[in-house]
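*Asks:* Supplied in structure tokens, the structure appears directly below.
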Amino acid sequence: MNPNEALITKFYTAFANADAKTMSECYHPKIHFIDPAFGLLKEDQVSKMWEMLILKSKGNIKIEFSDVKADDFTGSAIWKATYNFSKTNRKVINTIAAEFAFQDGLIIKHTDNFDVWKWSKQAFGPMGYLLGWTGFFQKKIQDQALLSLKKFQESK
């Protein structure tokens with residue numbers, strides 16, 4: 001296992017153990033994170049997002065990961081989160097394809113890709129099935145996620 005594969009493994013092992021501090025230590029100070037739920041987050045926002053998600057899960061999130069690959073510059077992994085969505089208490093099993101870029105032995109860019117419609121059907125039930133594929137609904141999901149993060153950051 002090369003150093004960047006070890007770094008990805010360390011990151012997801014920490015996530016599986018609800019260890020936001022160790023996850024944060026895997027990131028470069030100038031980290032950029034992108035995913036369908038939050039859009040673009042930078043620097044301290046990224047670590048705060050993981051901390052918030054771990055705390056909101058109250059220990060009821062299962063993280064699994066596989067297919068960790070990396071070279072000196074880029075990497076990837078597949079990870080799966082199983083949890084109950086906090087707003088509806090509906091069970092979600094979300095499979096995510098992660099891509100990474102590295103700098104100075106740390107993750108400088110982290111992009112998570114997943115099927116938002118599939119996620120919204122699980123998280124919101126019939127409403128997610130009917131509207132989850134629309135840009136309007138996806139924008140509402142992102143706006144709510146960013147508002148939750150803002151409130152969490154202000155409470156710290």
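Numbering starts fresh at 1 for the residues of each chain in the structure tokens, the chains themselves are lettered A, B, ... in the order given, and ligands are numbered from 1 as they appear.
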Using only C-alpha atoms, I'd like a table of the residues in range 92-120 of chain A that come within 9 Å of range 53-74 of chain A; for each, show the closest atom pair and its distance in Å rounded to one decimal, ordered by chain and ascending number, as a tab-separated table.

*Replies:*
residue	atom	partner	partner_atom	distance
A:Glu99	CA	A:Thr74	CA	7.4
A:Phe100	CA	A:Thr74	CA	5.4
A:Ala101	CA	A:Thr74	CA	4.4
A:Phe102	CA	A:Phe73	CA	5.3
A:Gln103	CA	A:Phe73	CA	7.4
A:Gly105	CA	A:Asp72	CA	8.9

*Asks:* For Gly132 in chain A, work out the shell of residues within 7 Å, counting only C-alpha atoms and skipping chain neighbours fewer than 2 positions away, then give it as number ranges by chain.

*Replies:* A: 116-117, 120-121, 128-130, 134, 137-138

*Asks:* Include all heavy atoms and write out the residues we just selected as a CSV table (one decimal), in the first residue's frame.

*Replies:*
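Okay, this is what ended up in again-v1.csv:
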chain,number,residue,atom,x,y,z
A,116,VAL,N,-28.2,11.4,-6.6
A,116,VAL,CA,-29.0,12.2,-5.7
A,116,VAL,C,-30.4,11.7,-5.7
A,116,VAL,O,-31.1,11.7,-4.7
A,116,VAL,CB,-28.9,13.7,-6.1
A,116,VAL,CG1,-29.8,14.5,-5.1
A,116,VAL,CG2,-27.5,14.2,-6.0
A,117,TRP,N,-30.9,11.3,-6.9
A,117,TRP,CA,-32.3,10.8,-7.0
A,117,TRP,C,-32.5,9.6,-6.1
A,117,TRP,O,-33.4,9.4,-5.4
A,117,TRP,CB,-32.7,10.6,-8.4
A,117,TRP,CG,-34.2,10.3,-8.6
A,117,TRP,CD1,-35.2,10.8,-7.9
A,117,TRP,CD2,-34.8,9.3,-9.5
A,117,TRP,NE1,-36.4,10.3,-8.3
A,117,TRP,CE2,-36.2,9.4,-9.3
A,117,TRP,CE3,-34.2,8.5,-10.4
A,117,TRP,CZ2,-37.0,8.5,-10.0
A,117,TRP,CZ3,-35.1,7.7,-11.1
A,117,TRP,CH2,-36.5,7.7,-10.9
A,120,SER,N,-32.4,10.6,-2.5
A,120,SER,CA,-33.6,11.3,-2.1
A,120,SER,C,-34.9,10.4,-2.0
A,120,SER,O,-35.7,10.6,-1.2
A,120,SER,CB,-33.9,12.5,-3.0
A,120,SER,OG,-34.2,12.1,-4.3
A,121,LYS,N,-34.9,9.4,-2.9
A,121,LYS,CA,-36.0,8.4,-2.7
A,121,LYS,C,-36.0,7.7,-1.4
A,121,LYS,O,-37.0,7.5,-0.8
A,121,LYS,CB,-35.9,7.4,-3.9
A,121,LYS,CG,-36.3,7.9,-5.2
A,121,LYS,CD,-36.4,6.8,-6.3
A,121,LYS,CE,-35.0,6.3,-6.7
A,121,LYS,NZ,-35.0,5.4,-7.8
A,128,GLY,N,-39.4,12.3,-2.5
A,128,GLY,CA,-38.1,12.2,-3.1
A,128,GLY,C,-38.1,11.5,-4.5
A,128,GLY,O,-37.4,11.8,-5.4
A,129,TYR,N,-39.0,10.5,-4.5
A,129,TYR,CA,-39.2,9.7,-5.8
A,129,TYR,C,-39.7,10.7,-6.9
A,129,TYR,O,-39.3,10.6,-8.0
A,129,TYR,CB,-40.1,8.5,-5.6
A,129,TYR,CG,-40.4,7.8,-6.9
A,129,TYR,CD1,-39.5,6.8,-7.3
A,129,TYR,CD2,-41.5,8.0,-7.6
A,129,TYR,CE1,-39.6,6.1,-8.5
A,129,TYR,CE2,-41.7,7.3,-8.8
A,129,TYR,CZ,-40.8,6.3,-9.2
A,129,TYR,OH,-41.0,5.6,-10.4
A,130,LEU,N,-40.7,11.5,-6.5
A,130,LEU,CA,-41.3,12.4,-7.5
A,130,LEU,C,-40.5,13.6,-7.9
A,130,LEU,O,-40.5,14.0,-9.0
A,130,LEU,CB,-42.7,12.8,-7.0
A,130,LEU,CG,-43.8,11.8,-6.8
A,130,LEU,CD1,-45.0,12.4,-6.1
A,130,LEU,CD2,-44.2,11.2,-8.2
A,134,THR,N,-35.2,16.5,-9.8
A,134,THR,CA,-35.2,17.9,-10.3
A,134,THR,C,-34.2,18.8,-9.7
A,134,THR,O,-33.8,18.6,-8.6
A,134,THR,CB,-36.6,18.5,-10.0
A,134,THR,OG1,-36.7,18.7,-8.6
A,134,THR,CG2,-37.8,17.7,-10.5
A,137,PHE,N,-35.4,20.5,-6.5
A,137,PHE,CA,-35.3,19.7,-5.3
A,137,PHE,C,-33.9,19.6,-4.8
A,137,PHE,O,-33.6,19.7,-3.6
A,137,PHE,CB,-36.0,18.4,-5.5
A,137,PHE,CG,-36.4,17.7,-4.2
A,137,PHE,CD1,-37.5,18.0,-3.5
A,137,PHE,CD2,-35.6,16.6,-3.8
A,137,PHE,CE1,-37.8,17.3,-2.3
A,137,PHE,CE2,-35.9,15.9,-2.6
A,137,PHE,CZ,-37.0,16.3,-1.9
A,138,GLN,N,-33.0,19.3,-5.7
A,138,GLN,CA,-31.6,19.2,-5.4
A,138,GLN,C,-31.0,20.4,-4.8
A,138,GLN,O,-30.2,20.4,-3.9
A,138,GLN,CB,-30.8,18.7,-6.6
A,138,GLN,CG,-31.2,17.2,-7.0
A,138,GLN,CD,-30.5,16.7,-8.2
A,138,GLN,OE1,-29.6,17.3,-8.7
A,138,GLN,NE2,-31.0,15.6,-8.7

*Asks:* According to DSSP computed on the backbone, where in chain A is there strand (DSSP E or B)? Give the residues as a ChimeraX atom specification.

*Replies:* /A:27-35,39-42,61-70,74-84,91-103,106-113

*Asks:* So which bits of chain A end up helix (DSSP H, G or I) when you DSSP the backbone, as a ChimeraX atom specification?

*Replies:* /A:3-16,20-25,44-57,116-124,126-131,135-155

*Asks:* Please determine, counting only C-alpha atoms, which residue among A:Lys140, A:Lys10, A:Lys109, A:Lys48 has the shortest atom-to-atom distance to Pro36 in chain A.

*Replies:*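 Closest residue, counting only C-alpha atoms: A:Lys140.
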
*Asks:* With only C-alpha atoms as the basis for distance, which of A:Ala77, A:Ile93, A:Ala6, A:Leu147 is at the shortest distance from Asn113 in chain A?

*Replies:*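 Looking at the shortest contact to Asn113 in chain A, the residue is A:Ala77.
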
*Asks:* Please determine, counting only C-alpha atoms, which residue among A:Met52, A:Ile34, A:Leu7, A:Ala16 has the shortest atom-to-atom distance to Lys80 in chain A.

*Replies:*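 Nearest candidate to Lys80 in chain A out of A:Met52, A:Ile34, A:Leu7, A:Ala16: A:Ala16.
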
*Asks:* Between A:Ala123, A:Ala98, A:Leu40, A:Cys26, which residue has the minimum interatomic distance to Ser86 in chain A, considering only C-alpha atoms?

*Replies:*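 Once distances to Ser86 in chain A are computed over only C-alpha atoms, the minimum belongs to A:Ala123.
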
*Asks:* Find the distance between CA of Thr95 in chain A and CA of Trp119 in chain A and write it in Å to one decimal.

*Replies:* 9.0 Å
